[in-house]
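Source file: target-v7.tsv. Holds: TSV, N, CA and C atoms.
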```
chain	number	residue	atom	x	y	z
A	261	MET	N	-19.30	-7.81	-7.34
A	261	MET	CA	-18.24	-6.86	-7.03
A	261	MET	C	-17.05	-7.62	-6.46
A	262	ALA	N	-15.88	-7.27	-6.88
A	262	ALA	CA	-14.66	-7.93	-6.42
A	262	ALA	C	-14.48	-7.69	-4.93
A	263	THR	N	-14.09	-8.74	-4.24
A	263	THR	CA	-13.89	-8.69	-2.80
A	263	THR	C	-12.92	-7.59	-2.40
A	264	ASN	N	-11.78	-7.52	-3.09
A	264	ASN	CA	-10.76	-6.56	-2.68
A	264	ASN	C	-11.16	-5.11	-2.93
A	265	ALA	N	-12.22	-4.88	-3.71
A	265	ALA	CA	-12.68	-3.51	-3.93
A	265	ALA	C	-13.32	-2.94	-2.66
A	266	LEU	N	-13.83	-3.81	-1.80
A	266	LEU	CA	-14.46	-3.37	-0.55
A	266	LEU	C	-13.44	-3.22	0.58
A	267	GLU	N	-12.37	-4.00	0.50
A	267	GLU	CA	-11.38	-4.00	1.57
A	267	GLU	C	-10.58	-2.71	1.58
A	268	GLY	N	-10.17	-2.31	2.78
A	268	GLY	CA	-9.30	-1.15	2.89
A	268	GLY	C	-9.64	-0.30	4.10
A	269	ASP	N	-9.03	0.87	4.13
A	269	ASP	CA	-9.20	1.81	5.23
A	269	ASP	C	-10.10	2.95	4.78
A	270	TRP	N	-11.09	3.25	5.60
A	270	TRP	CA	-12.11	4.24	5.29
A	270	TRP	C	-12.33	5.12	6.51
A	271	GLN	N	-13.05	6.20	6.33
A	271	GLN	CA	-13.42	7.02	7.48
A	271	GLN	C	-14.80	7.64	7.27
A	272	PHE	N	-15.51	7.78	8.40
A	272	PHE	CA	-16.84	8.39	8.39
A	272	PHE	C	-16.71	9.72	9.13
A	273	VAL	N	-16.98	10.80	8.41
A	273	VAL	CA	-16.87	12.14	8.98
A	273	VAL	C	-18.27	12.66	9.28
A	274	SER	N	-18.46	13.19	10.48
A	274	SER	CA	-19.76	13.70	10.89
A	274	SER	C	-19.58	14.96	11.74
A	275	GLU	N	-20.55	15.84	11.64
A	275	GLU	CA	-20.52	17.05	12.47
A	275	GLU	C	-20.79	16.73	13.94
A	276	LYS	N	-21.19	15.48	14.22
A	276	LYS	CA	-21.49	15.08	15.61
A	276	LYS	C	-20.24	14.72	16.39
A	277	GLY	N	-19.09	14.65	15.72
A	277	GLY	CA	-17.86	14.29	16.41
A	277	GLY	C	-16.71	15.15	15.95
A	278	TYR	N	-15.74	15.33	16.83
A	278	TYR	CA	-14.55	16.12	16.52
A	278	TYR	C	-13.63	15.34	15.57
A	279	ASP	N	-13.52	14.04	15.81
A	279	ASP	CA	-12.66	13.17	14.99
A	279	ASP	C	-13.53	12.28	14.11
A	280	PRO	N	-12.99	11.80	12.98
A	280	PRO	CA	-13.75	10.86	12.15
A	280	PRO	C	-13.72	9.46	12.74
A	281	VAL	N	-14.69	8.64	12.38
A	281	VAL	CA	-14.67	7.23	12.73
A	281	VAL	C	-13.76	6.54	11.70
A	282	LYS	N	-12.71	5.91	12.17
A	282	LYS	CA	-11.79	5.17	11.30
A	282	LYS	C	-12.33	3.75	11.14
A	283	VAL	N	-12.43	3.28	9.90
A	283	VAL	CA	-13.04	1.99	9.61
A	283	VAL	C	-12.11	1.17	8.71
A	284	THR	N	-11.89	-0.08	9.08
A	284	THR	CA	-11.14	-1.00	8.24
A	284	THR	C	-12.05	-2.16	7.88
A	285	VAL	N	-12.15	-2.45	6.59
A	285	VAL	CA	-12.96	-3.56	6.09
A	285	VAL	C	-12.02	-4.62	5.55
A	286	LYS	N	-12.22	-5.87	6.00
A	286	LYS	CA	-11.31	-6.94	5.60
A	286	LYS	C	-12.08	-8.25	5.42
A	287	ASN	N	-11.82	-8.92	4.31
A	287	ASN	CA	-12.35	-10.26	4.08
A	287	ASN	C	-11.38	-11.22	4.76
A	288	ILE	N	-11.81	-11.85	5.84
A	288	ILE	CA	-10.92	-12.72	6.60
A	288	ILE	C	-10.63	-14.00	5.82
A	289	MET	N	-11.70	-14.71	5.44
A	289	MET	CA	-11.55	-15.92	4.65
A	289	MET	C	-12.93	-16.34	4.16
A	290	GLY	N	-13.01	-16.64	2.87
A	290	GLY	CA	-14.28	-17.11	2.33
A	290	GLY	C	-15.39	-16.10	2.51
A	291	SER	N	-16.42	-16.48	3.27
A	291	SER	CA	-17.58	-15.60	3.47
A	291	SER	C	-17.48	-14.78	4.76
A	292	GLU	N	-16.36	-14.90	5.48
A	292	GLU	CA	-16.20	-14.19	6.76
A	292	GLU	C	-15.51	-12.84	6.57
A	293	TRP	N	-16.13	-11.81	7.15
A	293	TRP	CA	-15.65	-10.45	7.03
A	293	TRP	C	-15.57	-9.79	8.40
A	294	ILE	N	-14.75	-8.76	8.51
A	294	ILE	CA	-14.71	-7.93	9.71
A	294	ILE	C	-14.76	-6.47	9.28
A	295	VAL	N	-15.55	-5.71	10.01
A	295	VAL	CA	-15.58	-4.26	9.86
A	295	VAL	C	-15.17	-3.72	11.23
A	296	ALA	N	-13.94	-3.23	11.32
A	296	ALA	CA	-13.39	-2.72	12.57
A	296	ALA	C	-13.45	-1.20	12.57
A	297	CYS	N	-13.96	-0.63	13.65
A	297	CYS	CA	-14.17	0.82	13.72
A	297	CYS	C	-13.61	1.38	15.02
A	298	MET	N	-13.10	2.61	14.93
A	298	MET	CA	-12.61	3.28	16.13
A	298	MET	C	-12.52	4.77	15.88
A	299	ILE	N	-12.89	5.52	16.90
A	299	ILE	CA	-12.66	6.96	16.90
A	299	ILE	C	-11.41	7.16	17.75
A	300	PRO	N	-10.45	7.98	17.32
A	300	PRO	CA	-9.25	8.18	18.14
A	300	PRO	C	-9.59	8.46	19.60
A	301	LYS	N	-8.90	7.77	20.49
A	301	LYS	CA	-9.09	7.83	21.94
A	301	LYS	C	-10.43	7.27	22.38
A	302	GLY	N	-11.11	6.55	21.48
A	302	GLY	CA	-12.43	5.98	21.81
A	302	GLY	C	-12.38	4.48	21.88
A	303	ASN	N	-13.54	3.87	21.74
A	303	ASN	CA	-13.67	2.42	21.83
A	303	ASN	C	-13.46	1.75	20.49
A	304	MET	N	-12.93	0.55	20.55
A	304	MET	CA	-12.78	-0.29	19.38
A	304	MET	C	-14.08	-1.06	19.20
A	305	MET	N	-14.61	-1.07	17.98
A	305	MET	CA	-15.84	-1.79	17.68
A	305	MET	C	-15.55	-2.71	16.50
A	306	ALA	N	-15.75	-4.00	16.67
A	306	ALA	CA	-15.47	-4.96	15.61
A	306	ALA	C	-16.74	-5.74	15.29
A	307	SER	N	-17.19	-5.59	14.07
A	307	SER	CA	-18.38	-6.27	13.60
A	307	SER	C	-17.97	-7.46	12.75
A	308	MET	N	-18.23	-8.66	13.26
A	308	MET	CA	-17.90	-9.89	12.54
A	308	MET	C	-19.12	-10.24	11.68
A	309	LEU	N	-18.89	-10.39	10.37
A	309	LEU	CA	-19.99	-10.60	9.43
A	309	LEU	C	-19.78	-11.88	8.63
A	310	LYS	N	-20.89	-12.40	8.12
A	310	LYS	CA	-20.84	-13.54	7.21
A	310	LYS	C	-21.66	-13.15	5.98
A	311	LYS	N	-21.09	-13.37	4.80
A	311	LYS	CA	-21.79	-13.04	3.56
A	311	LYS	C	-22.54	-14.27	3.07
A	312	VAL	N	-23.87	-14.14	3.00
A	312	VAL	CA	-24.73	-15.24	2.58
A	312	VAL	C	-25.65	-14.74	1.48
A	313	ASP	N	-25.62	-15.38	0.33
A	313	ASP	CA	-26.46	-14.99	-0.81
A	313	ASP	C	-26.34	-13.51	-1.16
A	314	GLY	N	-25.12	-12.99	-1.12
A	314	GLY	CA	-24.86	-11.61	-1.52
A	314	GLY	C	-25.15	-10.57	-0.46
A	315	LYS	N	-25.68	-10.98	0.70
A	315	LYS	CA	-25.97	-10.04	1.79
A	315	LYS	C	-25.13	-10.41	3.00
A	316	PHE	N	-24.85	-9.40	3.83
A	316	PHE	CA	-24.08	-9.64	5.05
A	316	PHE	C	-25.01	-9.89	6.23
A	317	GLN	N	-24.57	-10.76	7.14
A	317	GLN	CA	-25.30	-11.02	8.37
A	317	GLN	C	-24.35	-10.84	9.54
A	318	LEU	N	-24.84	-10.19	10.60
A	318	LEU	CA	-24.04	-9.98	11.79
A	318	LEU	C	-23.86	-11.30	12.54
A	319	VAL	N	-22.62	-11.67	12.79
A	319	VAL	CA	-22.31	-12.86	13.56
A	319	VAL	C	-22.06	-12.46	15.00
A	320	LYS	N	-21.24	-11.42	15.18
A	320	LYS	CA	-20.89	-10.97	16.53
A	320	LYS	C	-20.38	-9.54	16.47
A	321	LEU	N	-20.75	-8.75	17.48
A	321	LEU	CA	-20.24	-7.39	17.60
A	321	LEU	C	-19.48	-7.29	18.91
A	322	ASN	N	-18.21	-6.95	18.82
A	322	ASN	CA	-17.37	-6.75	20.01
A	322	ASN	C	-17.06	-5.28	20.16
A	323	CYS	N	-17.22	-4.76	21.37
A	323	CYS	CA	-16.89	-3.36	21.66
A	323	CYS	C	-16.12	-3.28	22.96
A	324	SER	N	-15.04	-2.49	22.94
A	324	SER	CA	-14.34	-2.24	24.20
A	324	SER	C	-15.23	-1.31	25.02
A	325	ASN	N	-14.90	-1.15	26.29
A	325	ASN	CA	-15.78	-0.37	27.16
A	325	ASN	C	-14.97	0.65	27.95
A	326	ARG	N	-14.40	1.60	27.24
A	326	ARG	CA	-13.64	2.65	27.92
A	326	ARG	C	-14.35	3.98	27.74
A	327	GLU	N	-13.99	4.92	28.54
A	327	GLU	CA	-14.62	6.24	28.48
A	327	GLU	C	-14.14	6.98	27.24
A	328	CYS	N	-15.08	7.42	26.46
A	328	CYS	CA	-14.78	8.15	25.22
A	328	CYS	C	-14.74	9.65	25.53
A	329	PRO	N	-13.82	10.41	24.91
A	329	PRO	CA	-13.81	11.86	25.12
A	329	PRO	C	-15.17	12.47	24.77
A	330	LYS	N	-15.58	13.46	25.54
A	330	LYS	CA	-16.93	14.01	25.37
A	330	LYS	C	-17.17	14.58	23.98
A	331	GLU	N	-16.13	15.08	23.29
A	331	GLU	CA	-16.33	15.65	21.96
A	331	GLU	C	-16.70	14.60	20.91
A	332	ASN	N	-16.47	13.32	21.21
A	332	ASN	CA	-16.80	12.24	20.27
A	332	ASN	C	-17.86	11.28	20.79
A	333	ARG	N	-18.34	11.52	22.00
A	333	ARG	CA	-19.27	10.58	22.66
A	333	ARG	C	-20.54	10.33	21.85
A	334	GLU	N	-21.15	11.41	21.36
A	334	GLU	CA	-22.41	11.27	20.61
A	334	GLU	C	-22.20	10.49	19.31
A	335	LEU	N	-21.13	10.81	18.59
A	335	LEU	CA	-20.84	10.13	17.33
A	335	LEU	C	-20.56	8.65	17.57
A	336	GLU	N	-19.77	8.34	18.60
A	336	GLU	CA	-19.45	6.95	18.88
A	336	GLU	C	-20.70	6.15	19.25
A	337	ALA	N	-21.56	6.72	20.08
A	337	ALA	CA	-22.79	6.04	20.48
A	337	ALA	C	-23.69	5.79	19.27
A	338	GLU	N	-23.78	6.78	18.39
A	338	GLU	CA	-24.61	6.64	17.20
A	338	GLU	C	-24.05	5.58	16.25
A	339	PHE	N	-22.73	5.55	16.08
A	339	PHE	CA	-22.12	4.56	15.18
A	339	PHE	C	-22.25	3.15	15.75
A	340	LYS	N	-22.13	3.03	17.08
A	340	LYS	CA	-22.28	1.72	17.72
A	340	LYS	C	-23.71	1.21	17.52
A	341	LEU	N	-24.70	2.09	17.69
A	341	LEU	CA	-26.10	1.73	17.47
A	341	LEU	C	-26.30	1.25	16.03
A	342	PHE	N	-25.66	1.94	15.09
A	342	PHE	CA	-25.73	1.55	13.68
A	342	PHE	C	-25.18	0.14	13.49
A	343	LEU	N	-24.01	-0.15	14.09
A	343	LEU	CA	-23.39	-1.47	13.95
A	343	LEU	C	-24.23	-2.56	14.61
A	344	GLU	N	-24.89	-2.23	15.73
A	344	GLU	CA	-25.72	-3.20	16.42
A	344	GLU	C	-26.90	-3.66	15.56
A	345	GLN	N	-27.32	-2.84	14.60
A	345	GLN	CA	-28.40	-3.21	13.69
A	345	GLN	C	-27.96	-4.35	12.77
A	346	GLY	N	-26.67	-4.48	12.58
A	346	GLY	CA	-26.12	-5.52	11.72
A	346	GLY	C	-25.97	-5.03	10.29
A	347	ILE	N	-24.75	-4.88	9.84
A	347	ILE	CA	-24.50	-4.43	8.47
A	347	ILE	C	-25.06	-5.49	7.52
A	348	SER	N	-25.90	-5.05	6.60
A	348	SER	CA	-26.53	-5.99	5.66
A	348	SER	C	-25.96	-5.86	4.24
A	349	ASN	N	-25.36	-4.70	3.95
A	349	ASN	CA	-24.83	-4.50	2.61
A	349	ASN	C	-23.64	-3.55	2.66
A	350	VAL	N	-22.66	-3.81	1.82
A	350	VAL	CA	-21.47	-2.97	1.67
A	350	VAL	C	-21.27	-2.78	0.17
A	351	VAL	N	-21.29	-1.52	-0.27
A	351	VAL	CA	-21.17	-1.23	-1.69
A	351	VAL	C	-20.13	-0.15	-1.90
A	352	ARG	N	-19.23	-0.39	-2.85
A	352	ARG	CA	-18.24	0.63	-3.20
A	352	ARG	C	-18.79	1.46	-4.35
A	353	GLU	N	-18.77	2.78	-4.18
A	353	GLU	CA	-19.20	3.70	-5.22
A	353	GLU	C	-18.07	4.69	-5.46
A	354	GLY	N	-17.17	4.35	-6.38
A	354	GLY	CA	-16.02	5.20	-6.67
A	354	GLY	C	-15.07	5.25	-5.48
A	355	LYS	N	-14.87	6.45	-4.94
A	355	LYS	CA	-13.97	6.61	-3.80
A	355	LYS	C	-14.71	6.60	-2.47
A	356	THR	N	-15.97	6.15	-2.49
A	356	THR	CA	-16.75	6.03	-1.25
A	356	THR	C	-17.17	4.59	-1.04
A	357	LEU	N	-17.46	4.27	0.21
A	357	LEU	CA	-17.97	2.96	0.59
A	357	LEU	C	-19.26	3.20	1.36
A	358	VAL	N	-20.32	2.54	0.95
A	358	VAL	CA	-21.62	2.71	1.60
A	358	VAL	C	-21.92	1.47	2.44
A	359	LEU	N	-22.12	1.70	3.75
A	359	LEU	CA	-22.53	0.63	4.66
A	359	LEU	C	-24.02	0.79	4.90
A	360	GLU	N	-24.75	-0.31	4.87
A	360	GLU	CA	-26.19	-0.28	5.14
A	360	GLU	C	-26.49	-1.20	6.31
A	361	ALA	N	-27.29	-0.68	7.27
A	361	ALA	CA	-27.70	-1.47	8.43
A	361	ALA	C	-29.01	-0.90	8.96
A	362	GLY	N	-29.96	-1.78	9.21
A	362	GLY	CA	-31.23	-1.36	9.79
A	362	GLY	C	-31.94	-0.28	9.00
A	363	GLY	N	-31.83	-0.31	7.68
A	363	GLY	CA	-32.48	0.70	6.84
A	363	GLY	C	-31.75	2.04	6.79
A	364	GLN	N	-30.60	2.12	7.44
A	364	GLN	CA	-29.79	3.36	7.43
A	364	GLN	C	-28.55	3.15	6.58
A	365	ARG	N	-28.00	4.26	6.11
A	365	ARG	CA	-26.77	4.23	5.30
A	365	ARG	C	-25.72	5.13	5.93
A	366	ARG	N	-24.48	4.70	5.84
A	366	ARG	CA	-23.34	5.53	6.24
A	366	ARG	C	-22.40	5.55	5.04
A	367	VAL	N	-22.05	6.75	4.58
A	367	VAL	CA	-21.16	6.89	3.43
A	367	VAL	C	-19.77	7.23	3.97
A	368	LEU	N	-18.82	6.36	3.66
A	368	LEU	CA	-17.44	6.52	4.11
A	368	LEU	C	-16.56	6.95	2.94
A	369	VAL	N	-15.51	7.67	3.26
A	369	VAL	CA	-14.55	8.08	2.23
A	369	VAL	C	-13.23	7.35	2.49
A	370	GLU	N	-12.44	7.23	1.43
A	370	GLU	CA	-11.15	6.55	1.56
A	370	GLU	C	-10.28	7.26	2.58
A	371	ASP	N	-9.61	6.46	3.40
A	371	ASP	CA	-8.63	6.98	4.35
A	371	ASP	C	-7.27	6.55	3.82
A	372	ASP	N	-6.60	7.47	3.14
A	372	ASP	CA	-5.35	7.10	2.47
A	372	ASP	C	-4.10	7.39	3.29
A	373	MET	N	-4.25	7.55	4.61
A	373	MET	CA	-3.10	7.83	5.46
A	373	MET	C	-2.05	6.71	5.39
A	374	ARG	N	-2.51	5.46	5.48
A	374	ARG	CA	-1.58	4.32	5.45
A	374	ARG	C	-0.89	4.24	4.08
A	375	LYS	N	-1.65	4.47	3.01
A	375	LYS	CA	-1.09	4.43	1.66
A	375	LYS	C	-0.04	5.53	1.48
A	376	LYS	N	-0.32	6.73	1.99
A	376	LYS	CA	0.66	7.83	1.91
A	376	LYS	C	1.95	7.44	2.61
A	377	HIS	N	1.83	6.83	3.78
A	377	HIS	CA	3.01	6.41	4.54
A	377	HIS	C	3.81	5.36	3.76
A	378	GLU	N	3.11	4.38	3.17
A	378	GLU	CA	3.79	3.35	2.39
A	378	GLU	C	4.50	3.96	1.18
A	379	ASP	N	3.85	4.91	0.52
A	379	ASP	CA	4.45	5.57	-0.64
A	379	ASP	C	5.70	6.35	-0.24
A	380	GLU	N	5.65	7.01	0.93
A	380	GLU	CA	6.82	7.74	1.43
A	380	GLU	C	7.98	6.78	1.69
A	381	GLN	N	7.67	5.62	2.28
A	381	GLN	CA	8.71	4.63	2.56
A	381	GLN	C	9.34	4.11	1.26
A	382	LYS	N	8.51	3.84	0.27
A	382	LYS	CA	9.01	3.38	-1.03
A	382	LYS	C	9.91	4.42	-1.68
A	383	ALA	N	9.51	5.69	-1.57
A	383	ALA	CA	10.31	6.78	-2.15
A	383	ALA	C	11.66	6.87	-1.45
A	384	LYS	N	11.69	6.72	-0.12
A	384	LYS	CA	12.94	6.76	0.63
A	384	LYS	C	13.85	5.61	0.22
A	385	LEU	N	13.28	4.41	0.08
A	385	LEU	CA	14.07	3.25	-0.33
A	385	LEU	C	14.63	3.42	-1.74
A	386	ALA	N	13.82	3.94	-2.63
A	386	ALA	CA	14.26	4.15	-4.02
A	386	ALA	C	15.39	5.18	-4.06
A	387	ALA	N	15.28	6.23	-3.26
A	387	ALA	CA	16.31	7.26	-3.23
A	387	ALA	C	17.61	6.72	-2.63
A	388	ALA	N	17.49	5.91	-1.59
A	388	ALA	CA	18.67	5.35	-0.94
A	388	ALA	C	19.35	4.30	-1.82
A	389	LYS	N	18.58	3.58	-2.58
A	389	LYS	CA	19.12	2.51	-3.41
A	389	LYS	C	20.08	3.04	-4.47
A	390	GLY	N	19.75	4.14	-5.06
A	390	GLY	CA	20.57	4.65	-6.14
A	390	GLY	C	21.66	5.61	-5.69
A	391	SER	N	21.74	5.91	-4.41
A	391	SER	CA	22.68	6.94	-3.97
A	391	SER	C	24.01	6.37	-3.47
A	392	GLY	N	24.05	5.09	-3.14
A	392	GLY	CA	25.30	4.52	-2.59
A	392	GLY	C	26.16	3.89	-3.66
A	393	ARG	N	27.39	3.63	-3.31
A	393	ARG	CA	28.29	3.03	-4.30
A	393	ARG	C	28.03	1.55	-4.47
A	394	PHE	N	27.21	0.95	-3.57
A	394	PHE	CA	26.89	-0.47	-3.70
A	394	PHE	C	25.56	-0.69	-4.40
A	395	GLY	N	24.83	0.38	-4.76
A	395	GLY	CA	23.50	0.28	-5.36
A	395	GLY	C	23.59	-0.02	-6.78
```

Encoded form using structure tokens:
Amino acid sequence: MATNALEGDWQFVSEKGYDPVKVTVKNIMGSEWIVACMIPKGNMMASMLKKVDGKFQLVKLNCSNRECPKENRELEAEFKLFLEQGISNVVREGKTLVLEAGGQRRVLVEDDMRKKHEDEQKAKLAAAKGSGRFG
């Protein structure tokens, strides 16, 4: 699977939390990857991974330690426990991304908020470019 097919912004939606878990997957360099997760107003969780023989291995998990709003506390604790197991596989299935750790799976959906913002900016630039007498 192409590296860039896994990279991007995703979200995990659960009935256990008011807000979704926002997830960014990025290939840092070579076999080094980061899976960064955060629930709005919650803790930042960064899972540093190394890809070896087609599987991921947990190198280090960093988590901030601030008080999470009670409406998201259960979801955040559950997702942190999932990350502590160490992500072993990441698979893209269409518009979803499946994370596997400790025999469990989390299915994430594309978070296209950043892409929408970029598209809006491009549209504004295109409109401004053709409207002036110097364009």

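If all atoms listed in the file are the atoms counted, then among A:Lys384, A:Lys320, A:Lys310, A:Lys276 the closest residue to Ser291 in chain A is A:Lys310.
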
### Task
For Ser307 in chain A, please output as a PyMOL selection string all residues within 6.5 Å (counting all atoms listed in the file; exclusion window: fewer than 3 positions along the same chain).
chain A and resi 293-297+319-322

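Distances to Arg326 in chain A were evaluated for A:Ala361, A:Leu341, A:Val369, A:Met304 using only C-alpha atoms, and the minimum falls at A:Met304.
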
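Taking atom C of Glu331 in chain A and atom C of Tyr278 in chain A as the two end points, the separation is 6.2 Å.
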
### Secondary structure check, helix (DSSP H, G or I) residues of chain A, as a VMD selection string
chain A and resid 263 to 266 330 to 344 373 to 389
